[in-house]
>>> print(open('final-v6.txt').read())   # compact mmCIF, C-alpha atoms
# COMPACT_ATOMS: atom_id res chain seq x y z
CA MET A 15 12.04 -42.71 8.29
CA HIS A 16 13.43 -39.22 8.78
CA ILE A 17 12.72 -38.32 5.13
CA ARG A 18 9.18 -39.65 5.49
CA LYS A 19 8.56 -37.44 8.53
CA VAL A 20 9.89 -34.39 6.70
CA GLY A 21 7.64 -35.21 3.75
CA ARG A 22 4.64 -35.60 6.05
CA LEU A 23 5.36 -32.26 7.74
CA PHE A 24 5.65 -30.60 4.34
CA LEU A 25 2.26 -31.99 3.31
CA TYR A 26 0.75 -30.73 6.58
CA PHE A 27 2.21 -27.29 5.87
CA ILE A 28 0.76 -27.24 2.34
CA GLY A 29 -2.57 -28.47 3.68
CA ILE A 30 -2.74 -25.70 6.29
CA ILE A 31 -1.97 -23.06 3.66
CA CYS A 32 -4.73 -24.45 1.43
CA LEU A 33 -7.08 -24.56 4.43
CA PHE A 34 -6.69 -20.92 5.41
CA TRP A 35 -6.38 -19.56 1.89
CA GLY A 36 -9.43 -21.47 0.69
CA THR A 37 -11.54 -20.43 3.69
CA GLY A 38 -10.67 -16.76 3.21
CA ALA A 39 -11.05 -16.85 -0.56
CA ILE A 40 -14.50 -18.46 -0.31
CA TYR A 41 -15.67 -15.93 2.29
CA TYR A 42 -14.47 -12.94 0.24
CA CYS A 43 -15.41 -14.26 -3.22
CA GLU A 44 -17.97 -12.59 -5.48
CA ILE A 45 -20.94 -14.80 -4.54
CA PRO A 46 -23.46 -12.05 -3.70
CA PHE A 47 -25.31 -13.98 -0.95
CA LEU A 48 -23.28 -13.55 2.26
CA PRO A 49 -24.93 -16.38 4.28
CA LEU A 50 -24.07 -18.83 1.49
CA ARG A 51 -20.42 -17.69 1.52
CA ILE A 52 -20.29 -18.14 5.29
CA ILE A 53 -21.78 -21.65 5.10
CA LEU A 54 -19.38 -22.69 2.33
CA ALA A 55 -16.34 -21.21 4.12
CA VAL A 56 -17.20 -22.85 7.46
CA ALA A 57 -17.92 -26.21 5.80
CA PHE A 58 -14.66 -26.03 3.84
CA PHE A 59 -12.72 -25.25 7.04
CA ILE A 60 -14.32 -28.02 9.10
CA VAL A 61 -13.85 -30.67 6.40
CA GLY A 62 -10.27 -29.52 5.91
CA ILE A 63 -9.50 -29.78 9.61
CA TYR A 64 -10.91 -33.31 9.65
CA GLY A 65 -9.00 -34.34 6.54
CA ILE A 66 -5.67 -32.89 7.65
CA PHE A 67 -5.57 -33.68 11.36
CA ILE A 68 -7.90 -36.56 12.15
CA LYS A 69 -6.19 -39.95 12.20
CA LYS A 70 -6.61 -42.19 9.18
CA THR A 71 -10.06 -43.71 8.75
CA HIS A 72 -11.76 -45.55 5.88
CA GLN A 73 -13.45 -42.34 4.78
CA LYS A 74 -10.49 -40.02 5.15
CA LYS A 75 -8.99 -40.59 1.71
CA ALA A 76 -12.30 -39.91 -0.03
CA ILE A 77 -12.87 -36.81 2.09
CA ILE A 78 -9.46 -35.39 1.23
CA ILE A 79 -9.93 -36.09 -2.49
CA GLY A 80 -13.34 -34.38 -2.43
CA TRP A 81 -11.96 -31.44 -0.46
CA LEU A 82 -9.07 -30.95 -2.89
CA ALA A 83 -11.40 -31.30 -5.89
CA PHE A 84 -13.66 -28.57 -4.50
CA LEU A 85 -10.61 -26.38 -3.87
CA ALA A 86 -9.39 -26.91 -7.45
CA ILE A 87 -12.81 -26.03 -8.91
CA PHE A 88 -13.05 -22.94 -6.71
CA TYR A 89 -9.53 -21.90 -7.73
CA VAL A 90 -10.66 -21.83 -11.37
CA HIS A 91 -13.47 -19.48 -10.29
CA TRP A 92 -10.92 -17.43 -8.35
CA LEU A 93 -8.77 -16.96 -11.44
CA MET A 94 -11.79 -15.57 -13.27
CA ILE A 95 -12.27 -12.74 -10.74
CA LYS A 96 -10.81 -9.68 -12.46
CA PRO A 97 -10.06 -6.16 -11.19
CA SER A 98 -12.28 -3.33 -12.41
CA HIS A 99 -12.43 0.44 -12.66
CA ASP A 100 -16.22 0.29 -12.70
CA ARG A 101 -17.34 0.19 -9.07
CA ASN A 102 -19.05 2.56 -6.65
CA TRP A 103 -15.81 4.09 -5.36
CA ARG A 104 -15.38 6.04 -2.16
CA PHE A 105 -15.46 9.82 -2.71
CA ASP A 106 -11.70 10.27 -2.22
CA MET A 107 -10.79 7.50 -4.68
CA LYS A 108 -13.20 8.12 -7.54
CA GLU A 109 -10.62 9.40 -10.04
CA MET A 110 -7.54 7.62 -11.35
CA PRO A 111 -4.60 9.97 -12.00
CA ILE A 112 -3.09 10.18 -15.47
CA ALA A 113 0.29 11.65 -16.46
CA ILE A 114 0.80 13.37 -19.81
CA ILE A 115 4.51 13.56 -20.59
CA ASP A 116 5.69 16.16 -23.11
CA ASN A 117 9.49 16.21 -22.94
CA ASP A 118 10.27 18.21 -19.78
CA ASN A 119 6.66 19.16 -19.10
CA ILE A 120 4.53 16.71 -17.15
CA THR A 121 0.81 17.34 -16.68
CA ILE A 122 -0.96 15.31 -14.03
CA LYS A 123 -4.70 14.96 -14.42
CA ASN A 124 -6.89 14.17 -11.40
CA TYR A 125 -4.33 15.66 -9.05
CA ARG A 126 -6.01 15.50 -5.62
CA ASN A 127 -6.08 18.67 -3.55
CA PHE A 128 -8.77 18.13 -0.92
CA ASN A 129 -9.03 20.57 1.96
CA TYR A 130 -10.30 18.59 4.93
CA ASP A 131 -10.65 21.79 6.98
CA ALA A 132 -13.46 22.80 4.60
CA PRO A 133 -15.56 19.71 3.76
CA GLU A 134 -17.58 21.61 1.17
CA GLU A 135 -14.47 21.69 -1.03
CA LEU A 136 -14.24 17.88 -1.17
CA ILE A 137 -16.77 17.61 -3.99
CA SER A 138 -14.60 19.20 -6.67
CA SER A 139 -11.03 19.04 -5.42
CA TYR A 140 -9.35 17.34 -8.37
CA LYS A 141 -7.36 19.52 -10.74
CA GLU A 142 -4.61 19.45 -13.34
CA ARG A 143 -1.06 20.30 -12.36
CA THR A 144 1.93 20.78 -14.65
CA VAL A 145 5.52 20.42 -13.44
CA GLN A 146 8.91 20.42 -15.12
CA LEU A 147 10.96 17.28 -14.67
CA SER A 148 14.19 19.29 -14.71
CA ASN A 149 13.02 21.12 -11.57
CA LEU A 150 12.70 17.90 -9.56
CA VAL A 151 15.58 17.86 -7.06
CA SER A 152 14.84 15.38 -4.25
CA VAL A 153 12.46 12.85 -2.71
CA ASP A 154 11.05 12.51 0.80
CA PHE A 155 9.92 9.24 2.37
CA TYR A 156 6.92 9.36 4.73
CA ILE A 157 5.88 6.74 7.23
CA SER A 158 2.54 7.09 9.01
CA TYR A 159 1.41 5.03 12.01
CA TRP A 160 -2.24 4.69 12.95
CA GLU A 161 -2.11 2.06 15.70
CA LEU A 162 0.71 -0.45 16.11
CA ASP A 163 4.34 0.60 15.67
CA SER A 164 4.92 -2.49 13.53
CA VAL A 165 2.35 -1.53 10.88
CA ALA A 166 2.33 1.71 8.91
CA HIS A 167 1.57 3.37 5.62
CA THR A 168 4.51 4.62 3.55
CA PHE A 169 4.55 7.04 0.63
CA LEU A 170 6.79 9.50 -1.22
CA SER A 171 6.87 13.20 -2.03
CA PHE A 172 8.82 14.53 -5.01
CA ASN A 173 10.28 17.98 -4.36
CA PHE A 174 10.49 20.67 -7.06
CA GLU A 175 12.60 23.83 -7.03
CA ASN A 176 9.84 26.17 -8.17
CA GLY A 177 6.72 24.64 -6.72
CA GLU A 178 5.11 22.51 -4.06
CA PRO A 179 5.95 18.80 -3.78
CA VAL A 180 4.02 16.16 -5.68
CA CYS A 181 2.92 13.54 -3.17
CA ILE A 182 2.19 9.98 -4.39
CA SER A 183 0.56 7.43 -2.11
CA ILE A 184 0.08 3.79 -3.17
CA GLU A 185 -3.16 2.58 -1.61
CA ALA A 186 -5.97 0.04 -1.66
CA LYS A 187 -8.88 1.51 -3.60
CA CYS A 188 -12.02 1.25 -1.49
CA GLU A 189 -15.65 1.24 -2.51
CA GLU A 190 -18.28 3.45 -0.86
CA GLY A 191 -18.67 2.42 2.77
CA GLU A 192 -15.43 0.42 2.82
CA SER A 193 -12.26 1.06 4.77
CA PHE A 194 -8.96 -0.77 4.45
CA ASN A 195 -8.57 -4.07 6.26
CA PRO A 196 -5.38 -6.14 5.80
CA ILE A 197 -7.07 -9.57 5.77
CA PRO A 198 -9.51 -8.91 2.87
CA SER A 199 -6.62 -7.36 0.92
CA LEU A 200 -5.19 -10.89 0.56
CA PHE A 201 -8.29 -12.01 -1.35
CA LYS A 202 -8.85 -9.63 -4.28
CA GLU A 203 -11.04 -7.32 -2.17
CA TYR A 204 -9.41 -4.03 -3.24
CA GLU A 205 -8.05 -2.60 -6.45
CA LEU A 206 -4.76 -0.68 -6.55
CA ILE A 207 -4.58 3.12 -6.83
CA TYR A 208 -1.74 5.63 -6.87
CA ILE A 209 -3.14 8.81 -5.34
CA VAL A 210 -1.28 11.85 -6.65
CA GLY A 211 -1.86 15.12 -4.86
CA SER A 212 -0.72 17.86 -2.54
CA GLU A 213 0.85 17.32 0.85
CA ARG A 214 -1.89 19.54 2.29
CA ASP A 215 -4.20 16.72 1.28
CA ILE A 216 -2.27 13.46 1.62
CA VAL A 217 0.00 14.33 4.57
CA LYS A 218 -2.22 16.74 6.50
CA LEU A 219 -5.11 14.27 6.30
CA ARG A 220 -3.00 11.91 8.39
CA THR A 221 -1.35 14.35 10.79
CA ASN A 222 -4.29 16.65 11.55
CA HIS A 223 -7.46 14.69 10.86
CA ARG A 224 -6.69 11.01 11.38
CA ASN A 225 -4.36 11.75 14.30
CA GLU A 226 -1.62 9.50 12.96
CA ASN A 227 2.05 9.82 13.86
CA VAL A 228 3.84 10.79 10.65
CA TYR A 229 7.60 10.92 10.07
CA ARG A 230 9.40 12.51 7.12
CA TYR A 231 12.83 11.35 5.91
CA PRO A 232 14.65 13.05 3.01
CA LEU A 233 16.10 10.28 0.85
CA SER A 234 19.75 10.29 -0.20
CA LEU A 235 18.95 10.24 -3.92
CA SER A 236 20.62 12.45 -6.50
CA PRO A 237 18.40 14.75 -8.59
CA GLU A 238 18.94 12.40 -11.55
CA SER A 239 17.84 9.37 -9.54
CA SER A 240 14.89 11.30 -8.12
CA ARG A 241 13.74 12.09 -11.67
CA ALA A 242 14.20 8.49 -12.76
CA LEU A 243 12.11 7.31 -9.80
CA PHE A 244 9.40 9.85 -10.62
CA MET A 245 9.24 8.57 -14.19
CA VAL A 246 8.88 4.98 -12.94
CA TYR A 247 5.92 6.12 -10.84
CA LEU A 248 4.34 7.95 -13.78
CA GLU A 249 4.69 4.86 -15.95
CA ARG A 250 2.88 2.76 -13.34
CA ILE A 251 0.21 5.43 -12.88
CA ASN A 252 -0.60 5.37 -16.58
CA GLU A 253 -0.57 1.57 -16.66
CA LEU A 254 -3.12 1.44 -13.84
CA ALA A 255 -5.32 4.04 -15.50
CA GLU A 256 -5.42 1.79 -18.55
CA THR A 257 -5.54 -1.63 -16.87
CA PRO A 258 -6.78 -2.13 -13.28
CA GLU A 259 -4.87 -4.35 -10.85
CA PHE A 260 -5.60 -5.77 -7.43
CA TYR A 261 -3.93 -4.52 -4.27
CA HIS A 262 -2.29 -7.31 -2.28
CA LEU A 263 -0.88 -6.98 1.21
CA LEU A 264 2.09 -9.29 0.56
CA SER A 265 2.93 -8.65 -3.08
CA SER A 266 1.66 -5.22 -4.16
CA ASN A 267 1.35 -2.81 -1.26
CA CYS A 268 2.80 0.62 -0.52
CA THR A 269 6.22 -0.36 0.86
CA ILE A 270 6.88 -3.35 -1.39
CA ASN A 271 6.20 -1.25 -4.48
CA ILE A 272 8.43 1.61 -3.27
CA SER A 273 11.22 -0.93 -2.70
CA LYS A 274 10.74 -2.37 -6.21
CA TYR A 275 10.94 1.04 -7.85
CA VAL A 276 13.98 2.21 -5.90
CA ASN A 277 15.71 -1.04 -6.88
CA ARG A 278 14.67 -0.49 -10.50
CA ILE A 279 16.60 2.77 -10.71
CA GLY A 280 19.77 1.13 -9.42
CA TYR A 281 19.60 1.43 -5.63
CA VAL A 282 19.67 -2.28 -4.94
CA GLY A 283 19.44 -3.12 -1.26
CA ARG A 284 18.85 -6.52 0.24
CA ARG A 285 16.72 -8.76 -1.96
CA PHE A 286 14.51 -9.47 1.03
CA ASP A 287 14.26 -7.75 4.37
CA TRP A 288 11.54 -8.45 6.92
CA ARG A 289 11.25 -4.70 7.59
CA ILE A 290 9.73 -4.23 4.15
CA ILE A 291 6.93 -6.65 5.08
CA ILE A 292 6.57 -5.46 8.71
CA ASN A 293 6.76 -1.96 7.32
CA GLY A 294 6.51 -0.06 10.58
CA TYR A 295 10.26 -0.67 10.72
CA SER A 296 10.96 0.38 7.13
CA ASP A 297 12.62 3.63 8.25
CA ARG A 298 15.18 1.55 10.13
CA TYR A 299 15.77 -0.41 6.93
CA LEU A 300 16.39 2.84 5.03
CA TYR A 301 18.88 3.90 7.69
CA ASN A 302 20.65 0.55 7.55
CA GLN A 303 20.90 0.78 3.75
CA GLU A 304 22.12 4.41 3.96
CA TYR A 305 19.18 5.71 1.92
CA VAL A 306 18.75 8.48 4.52
CA ASP A 307 21.12 10.65 6.54
CA THR A 308 23.33 8.38 8.64
CA SER A 309 25.61 11.13 9.99
CA ILE A 310 23.47 11.23 13.15
CA PRO A 311 22.08 8.37 15.28
CA PHE A 312 18.82 6.90 14.03
CA LYS A 313 16.94 7.93 17.17
CA GLU A 314 17.91 11.55 16.63
CA LEU A 315 17.01 11.38 12.93
CA ARG A 316 13.62 9.92 13.77
CA GLU A 317 12.84 12.55 16.38
CA SER A 318 13.73 15.35 13.96
CA GLY A 319 11.47 13.81 11.32
CA HIS A 320 8.38 13.53 13.53
CA ILE A 321 6.16 16.11 11.86
CA THR A 322 2.75 15.45 13.45
CA PRO A 323 3.09 17.79 16.48
CA TRP A 324 4.47 20.54 14.24
CA ALA A 325 1.82 20.04 11.55
CA ARG A 326 -0.92 20.58 14.12
CA THR A 327 0.39 24.05 14.91
CA ILE A 328 -0.21 25.32 11.38
CA GLU A 329 -2.27 28.49 11.07
CA GLU A 330 -4.72 29.46 8.36
CA GLY A 331 -3.01 30.65 5.17
CA VAL A 332 0.39 29.09 5.95
CA ASN A 333 1.96 26.88 3.27
CA PHE A 334 1.69 23.37 4.74
CA SER A 335 4.67 21.86 2.90
CA GLU A 336 6.97 24.70 3.94
CA HIS A 337 5.70 24.54 7.50
CA ILE A 338 6.50 20.85 8.04
CA ARG A 339 9.98 21.33 6.56
CA ASN A 340 10.81 24.10 9.04
CA ILE A 341 10.28 22.25 12.27
CA GLY A 342 11.21 24.44 15.19
CA ASN A 343 10.44 24.81 18.84
CA ILE A 344 6.68 24.34 19.13
CA ASP A 345 6.69 26.10 22.45
>>> encode(input="final-v6.txt", output="structure tokens")
Amino acid sequence: MHIRKVGRLFLYFIGIICLFWGTGAIYYCEIPFLPLRIILAVAFFIVGIYGIFIKKTHQKKAIIIGWLAFLAIFYVHWLMIKPSHDRNWRFDMKEMPIAIIDNDNITIKNYRNFNYDAPEELISSYKERTVQLSNLVSVDFYISYWELDSVAHTFLSFNFENGEPVCISIEAKCEEGESFNPIPSLFKEYELIYIVGSERDIVKLRTNHRNENVYRYPLSLSPESSRALFMVYLERINELAETPEFYHLLSSNCTINISKYVNRIGYVGRRFDWRIIINGYSDRYLYNQEYVDTSIPFKELRESGHITPWARTIEEGVNFSEHIRNIGNID
């Protein structure tokens, strides 16, 4: 009897997953007529609720079989939905970066360098930038909060001896008129993009124009490991330029991908940690794994890394990257 109850609960669990996944997938699928998607999603949800939770009736078995058959047919359609580079992309995501590697010299095409203080420069703010791998010495981890402390965007900056950092942000690629929403990202709504650009663009956009709270943490990686991590990023950047992929909140987002790549170069932390999923706490995970400076209490480290107030004091003509790395007394 106990085993039967466990089996029944397991089937309920699977049924609920199918219910919510199917409803969302139908609503966000590529059927162009929105009212039809809404009708199909609502009908699927109502029939599923009846089939899963209503007590056994003569019709229930047939209803469940029909519901599962529809789900199976729709899943075949779902598998046929493929990512694409050919959409009407938002202005700041139109170009995919490409890395050309020539021994020590690395040229990045479509390097983003928007100046949000001067909107007229946004039209043509992609350029080429060449760096030397041997000059890469360290990596910084950024975490940016826009609303809740539990949810954030994370990204990296690669620091070079004789030049400004190269900032790389893993994001959901939005079409014109779209903005990121976590729920649609579960249903093939966004492609994946690695934005490569200046900190004046990627960091300052968040600190000074989106009014987000941004924290910077230097990672405890050797120069050799920093270069290896950079090369992993470049490999993925070129793969995406060649073959598009979907962004997914739970399997291919900013923090999960950073964790994968750091593990790939030999810094293997816990195989799973909830702070990678609830990524507003990912800086605490880094501290726990000793990937950042642990010689001071975490609270003190976090306060010293809070760059938003300092970034907003920057004056015209001042190097943004240098400014946020020389945090002083704002008063």
>>> residues_around(input="final-v6.txt", residues="Gly280 (chain A)", least_positions_apart="4", cutoff="10 Å", atoms="only C-alpha atoms", output="VMD selection string")
chain A and resid 239 242 to 243 275 to 276
>>> residues_around(input="final-v6.txt", residues="region 40-46 of chain A", least_positions_apart="6", cutoff="8 Å", atoms="only C-alpha atoms", output="ChimeraX atom specification")
/A:52,54-55,88,92,95,198,201-203
>>> closest_residue(input="final-v6.txt", among="A:Phe194, A:Phe260, A:Trp160, A:Trp35", to="Leu206 (chain A)", atoms="all atoms listed in the file")
A:Phe260
>>> closest_residue(input="final-v6.txt", among="A:Ile270, A:Cys32, A:Ile112, A:Leu264", to="Phe58 (chain A)", atoms="all atoms listed in the file")
A:Cys32
>>> atom_distance(input="final-v6.txt", atom1="CA of Ile77 (chain A)", atom2="CA of Thr37 (chain A)")
16.5 Å
>>> closest_residue(input="final-v6.txt", among="A:Gly211, A:Leu48, A:Asn195, A:Phe59", to="Gly36 (chain A)", atoms="all atoms listed in the file")
A:Phe59
>>> closest_residue(input="final-v6.txt", among="A:Leu170, A:Ile207, A:Val180, A:Val145", to="Glu259 (chain A)", atoms="all atoms listed in the file")
A:Ile207
>>> closest_residue(input="final-v6.txt", among="A:Phe34, A:Arg316, A:Ile291, A:Pro323", to="Ser164 (chain A)", atoms="only C-alpha atoms")
A:Ile291
